[in-house]
Amino acid sequence: MEIKLSEIKNFLSDSIIDIKGEKNNDIILKYLKNPSEVDEYTLDWINNKGTEKQLKAEQSKAKVIITDNTVSYSNKLGSQNKVLIFVANPKLAIAKVGNHFFKVKSAPCIHPTAIIHPQAIIGNNVFIGPYVSVGACSIGNNVEIHGNTIIGDNVTIKNEVIINSNVILGAEGLGCERESNGNLVTFPHFGGVIIEELVELGSGTIIAKGALSETRIGRGSKLNVNCFVAHNVKIGANAWISPKVNIAGSVNIGDNVTIFSGAIIREQLKIGNTAIVGMGSVVTKNIPDNETWIGNPAKLLAK
Amino acid sequence: MEIKLSEIKNFLSDSIIDIKGEKNNDIILKYLKNPSEVDEYTLDWINNKGTEKQLKAEQSKAKVIITDNTVSYSNKLGSQNKVLIFVANPKLAIAKVGNHFFKVKSAPCIHPTAIIHPQAIIGNNVFIGPYVSVGACSIGNNVEIHGNTIIGDNVTIKNEVIINSNVILGAEGLGCERESNGNLVTFPHFGGVIIEELVELGSGTIIAKGALSETRIGRGSKLNVNCFVAHNVKIGANAWISPKVNIAGSVNIGDNVTIFSGAIIREQLKIGNTAIVGMGSVVTKNIPDNETWIGNPAKLLAK
Amino acid sequence: MEIKLSEIKNFLSDSIIDIKGEKNNDIILKYLKNPSEVDEYTLDWINNKGTEKQLKAEQSKAKVIITDNTVSYSNKLGSQNKVLIFVANPKLAIAKVGNHFFKVKSAPCIHPTAIIHPQAIIGNNVFIGPYVSVGACSIGNNVEIHGNTIIGDNVTIKNEVIINSNVILGAEGLGCERESNGNLVTFPHFGGVIIEELVELGSGTIIAKGALSETRIGRGSKLNVNCFVAHNVKIGANAWISPKVNIAGSVNIGDNVTIFSGAIIREQLKIGNTAIVGMGSVVTKNIPDNETWIGNPAKLLAK
């Protein structure tokens, strides 16, 4: 992998505030590396959330460093002929560069062990891994479905979705009614699942089918590993959901929500836009827009 | 799917309190539908837990509605020629109708990719899905075992059990003893698992084998997705266990218990009959019969 | 299975404090059994954590009993010709005996349905179960990898490791940066996973690959079912981690740590050597060596 500095500059052009020390656009970059292993071919970066940023920039062995403007282009940096690329959020910039230039995508193919329902509709440029089962569903373009995943009937997966290993879409919910003698009758579910564009689902995540309508994951949302989303939940756009989050039936989640690890959300609740739910929280009430709630039971975090 | 009103009436005959507006037993019902999509061929119902029930009944486009007796057979309903079927618990009635008339059962078959131990004993009318591994176990009649599930040796699955995808029965427990130098020695487990009749296990649920005796899930219990039941746990009849519940070793659970999402129960505890454990609770003490406990640590909920 | 008393004595010789009633080294032992099923061929033991130990020893139907020295070799025991083997920790002794004499190890083989990357390096005496996928990784000697497990590229598994069913090593982390318009950009991960010698991983456990360096599980650690270990976590030696524990990115855990069921640990924290984290705890601060923390949020447990 050899990338010219000019390519990086071009790719990040909308984000770059300034560049210092730039003399040679043909500098070659080969790696992203851990701080202790950075060398002259590494594209290095100074984490905006870190400390001693100036020192880290000056001690880096890299020729090119992405940083925010709390680092100054000191004489020391100049004498090292370092190139500094200034952006508002270096971590975001390096994530984009990493995804674009360095991440190896799974080549489109359907593994011969994948079991595909004859009525499944599968788009272009799709990867389906080993031991995947695909029901009578609809899969868009540029979708990745990794090993051991099970896609039920009546599931719609839109374009640019990544589904990691061991995911289940369209799982059977087990809501029950209890009879007066104690016996449990499961409520049958006939609905589907809709996964909007650009969603990514972590390994082991389970999305239940809706009861009569559908369960829906909004555009660009990212659900980390081992989450559970119950029947008829609606999640808006750009939800960032950490591992092992547990969302009960018919919960309605707005846009741009962040839910941290292991939180549990009671059935039927509404979580407003841009709300934040803390790690390990047990949410028993609706959360208005823009609020942060934490604890068991969860309460509004005083500012 | 075409069902005559007379068939519904017959099936629910033990539950029906009254019927109003009944003129034509040949009315045909084709669907259960989401409220916004109800049409004249839908069997509609008024949720006993809902609000504005009278209005919902009067505005429904369905010809036949199951309701409780808080809705009255108004002039408006009469002029619409609607049939109202009155029962004590409409949600329970619709669940039963849905399971009986509308739910498509998996046709009995053993998928060619399933790996079956030569000493496995398998009953009649059994479905075993793709990529399932079945050990030297005993499986009753009318059992469904869905994709990717692993059934270990020394597991007994009785009649009418449904095991959803990616379940593990007879998982290895990892209880340990720590030596004085810090090293861990796992305690070996040689026992089995018994799944009684009419149990349903959600996707991703794991039941550990017993240490020397067995782990047992009682008749009619329903465990939702991603639960874990450790070695030697005994669960009574009709337990309703929500997603991601975590039950430690040798816990003894009575009959008709309800445990909500993500609760954790410490090893060796006793949970009494008809007890209720709240969402996200961390149970560190025995719970007597009929009590509701919530919180971390869980405490008796004052009435 | 027939084991002579002399073999047990030999195997436990480093732990035995005393033996009473010993007349015949040729006594044959055939089983470990549940207390209610103990017979004369059972190697019985008195749990050091139990009650009424003297009574249990005197009522046991076994000829040979492992116990601690709170049980005395009474006249009754003598008249029954019982052999008592005294050790400091009978549960530890019986665990070792069980693992050594009674546990049936999976015979080395690679199941024909396992998918092995051509660049995978696989040691001697390795078991790989059905429907396992193995990437371009390195696997040591005497390793067991059970059914449906997925091993990614750039994973190193050292000797004597046991990986139970449905485990994922090298899962994709889903850390994100949020753009000012709300869009989420996943941070790409290129690192690996290192599993040191003698580790055991429970079914359904997921270990994420590191971002640029590796995620590491230390020698002899045991992680029970459904744990999640995020990118760049380092776990020391002999960690005992209960089911459903959730460890966020870059957490650094010392040696000989014990973490109970369902605990959550925030990213970047340090957990000191020999620390203990209680069941269901939500850890938001560093924990010093030797301390026990419990609760949500977790706090130091007063002694």
# chains A, B, ... in the order shown; residues from 1 in each chain; ligands from 1

call {"tool": "closest_atom_pairs", "arguments": {"of": "chain A", "to": "chain B", "cutoff": "7 Å", "atoms": "only C-alpha atoms", "output": "Markdown table"}}
result
| residue | atom | partner | partner_atom | distance |
| --- | --- | --- | --- | --- |
| A:Ala171 | CA | B:Ser203 | CA | 6.8 |
| A:Leu174 | CA | B:Asn224 | CA | 5.5 |
| A:Glu177 | CA | B:Leu92 | CA | 5.7 |
| A:Gly182 | CA | B:Asn256 | CA | 5.7 |
| A:Asn183 | CA | B:Asn238 | CA | 5.7 |
| A:Leu184 | CA | B:Asn238 | CA | 6.1 |
| A:Val185 | CA | B:Ala95 | CA | 6.9 |
| A:Thr186 | CA | B:Ala95 | CA | 6.8 |
| A:Phe187 | CA | B:Ala95 | CA | 4.8 |
| A:Pro188 | CA | B:Asn99 | CA | 5.8 |
| A:Leu212 | CA | B:Asn34 | CA | 5.1 |
| A:Ser213 | CA | B:Asn34 | CA | 5.8 |
| A:Val282 | CA | B:Gly280 | CA | 6.2 |
| A:Asn296 | CA | B:Gly295 | CA | 6.8 |

call {"tool": "residues_around", "arguments": {"residues": "segment 135-141 of chain B", "least_positions_apart": "4", "cutoff": "6 Å", "atoms": "only C-alpha atoms", "output": "VMD selection string"}}
result
chain B and resid 117 119 to 125 151 to 159

call {"tool": "residues_around", "arguments": {"residues": "Ile46 of chain A", "least_positions_apart": "3", "cutoff": "8 Å", "atoms": "only C-alpha atoms", "output": "PDB file with C-alpha atoms, in the first residue's frame"}}
result
ATOM      1  CA  GLY A  50      -5.009  13.397  24.355  1.00  0.00           C
ATOM      2  CA  LYS A  53       0.077  16.954  22.100  1.00  0.00           C
ATOM      3  CA  LYS A  56       3.899  13.915  20.847  1.00  0.00           C
ATOM      4  CA  ALA A  57       4.028  15.725  17.509  1.00  0.00           C
ATOM      5  CA  ILE A  65       0.961  14.199  11.103  1.00  0.00           C
ATOM      6  CA  ILE A  66      -2.724  15.093  11.286  1.00  0.00           C
ATOM      7  CA  THR A  67      -3.478  17.329  14.266  1.00  0.00           C
ATOM      8  CA  ASP A  68      -5.813  19.999  15.536  1.00  0.00           C
ATOM      9  CA  PRO A  90      -7.999  14.538  13.844  1.00  0.00           C
ATOM     10  CA  LYS A  91      -9.604  11.327  15.118  1.00  0.00           C
TER      11      LYS A  91
END

call {"tool": "residues_around", "arguments": {"residues": "Gln54 of chain A", "least_positions_apart": "6", "cutoff": "9 Å", "atoms": "only C-alpha atoms", "output": "JSON list (two decimals) with C-alpha atoms, in the first residue's frame"}}
result
[["chain", "number", "residue", "atom", "x", "y", "z"],
["A", 46, "ILE", "CA", -2.41, 13.55, 17.44],
["A", 70, "THR", "CA", -3.72, 23.23, 19.63],
["A", 71, "VAL", "CA", -0.40, 21.99, 18.25],
["A", 72, "SER", "CA", 1.72, 24.79, 16.78],
["A", 73, "TYR", "CA", 4.17, 24.39, 13.95],
["A", 74, "SER", "CA", 7.23, 24.95, 16.16]]

call {"tool": "residues_around", "arguments": {"residues": "Ile128 of chain A", "least_positions_apart": "4", "cutoff": "9 Å", "atoms": "only C-alpha atoms", "output": "ChimeraX atom specification"}}
result
/A:108-111,114,132,143-147

call {"tool": "residues_around", "arguments": {"residues": "Leu29 of chain A", "least_positions_apart": "6", "cutoff": "7 Å", "atoms": "only C-alpha atoms", "output": "ChimeraX atom specification"}}
result
/A:2-5,41-43

call {"tool": "atom_distance", "arguments": {"atom1": "atom CA of Gly173 of chain A", "atom2": "atom CA of Val283 of chain A"}}
result
20.4 Å

call {"tool": "residues_around", "arguments": {"residues": "Gly21 of chain A", "least_positions_apart": "5", "cutoff": "8 Å", "atoms": "only C-alpha atoms", "output": "compact mmCIF listing (two decimals) with C-alpha atoms, in the first residue's frame"}}
result
# COMPACT_ATOMS: atom_id res chain seq x y z
CA GLY A 78 10.05 22.81 11.02
CA ASN A 81 10.78 18.88 7.87
CA LYS A 82 7.52 17.52 9.19
CA VAL A 83 4.26 18.11 7.40
CA LEU A 84 1.38 19.00 9.73

call {"tool": "select_by_dssp", "arguments": {"residues": "segment 90-272 of chain A", "states": "helix (DSSP H, G or I)", "output": "PDB file with C-alpha atoms, in the first residue's frame"}}
result
ATOM      1  CA  PRO A  90      -7.999  14.538  13.844  1.00  0.00           C
ATOM      2  CA  LYS A  91      -9.604  11.327  15.118  1.00  0.00           C
ATOM      3  CA  LEU A  92     -12.446  11.762  12.634  1.00  0.00           C
ATOM      4  CA  ALA A  93     -10.012  12.548   9.829  1.00  0.00           C
ATOM      5  CA  ILE A  94      -7.862   9.502  10.535  1.00  0.00           C
ATOM      6  CA  ALA A  95     -10.987   7.313  10.736  1.00  0.00           C
ATOM      7  CA  LYS A  96     -12.050   8.504   7.284  1.00  0.00           C
ATOM      8  CA  VAL A  97      -8.576   8.044   5.829  1.00  0.00           C
ATOM      9  CA  GLY A  98      -8.339   4.608   7.427  1.00  0.00           C
ATOM     10  CA  ASN A  99     -11.666   3.467   6.046  1.00  0.00           C
ATOM     11  CA  HIS A 100     -10.944   4.865   2.586  1.00  0.00           C
ATOM     12  CA  PHE A 101      -7.302   3.957   1.985  1.00  0.00           C
ATOM     13  CA  PHE A 102      -6.401   1.174   4.406  1.00  0.00           C
TER      14      PHE A 102
END
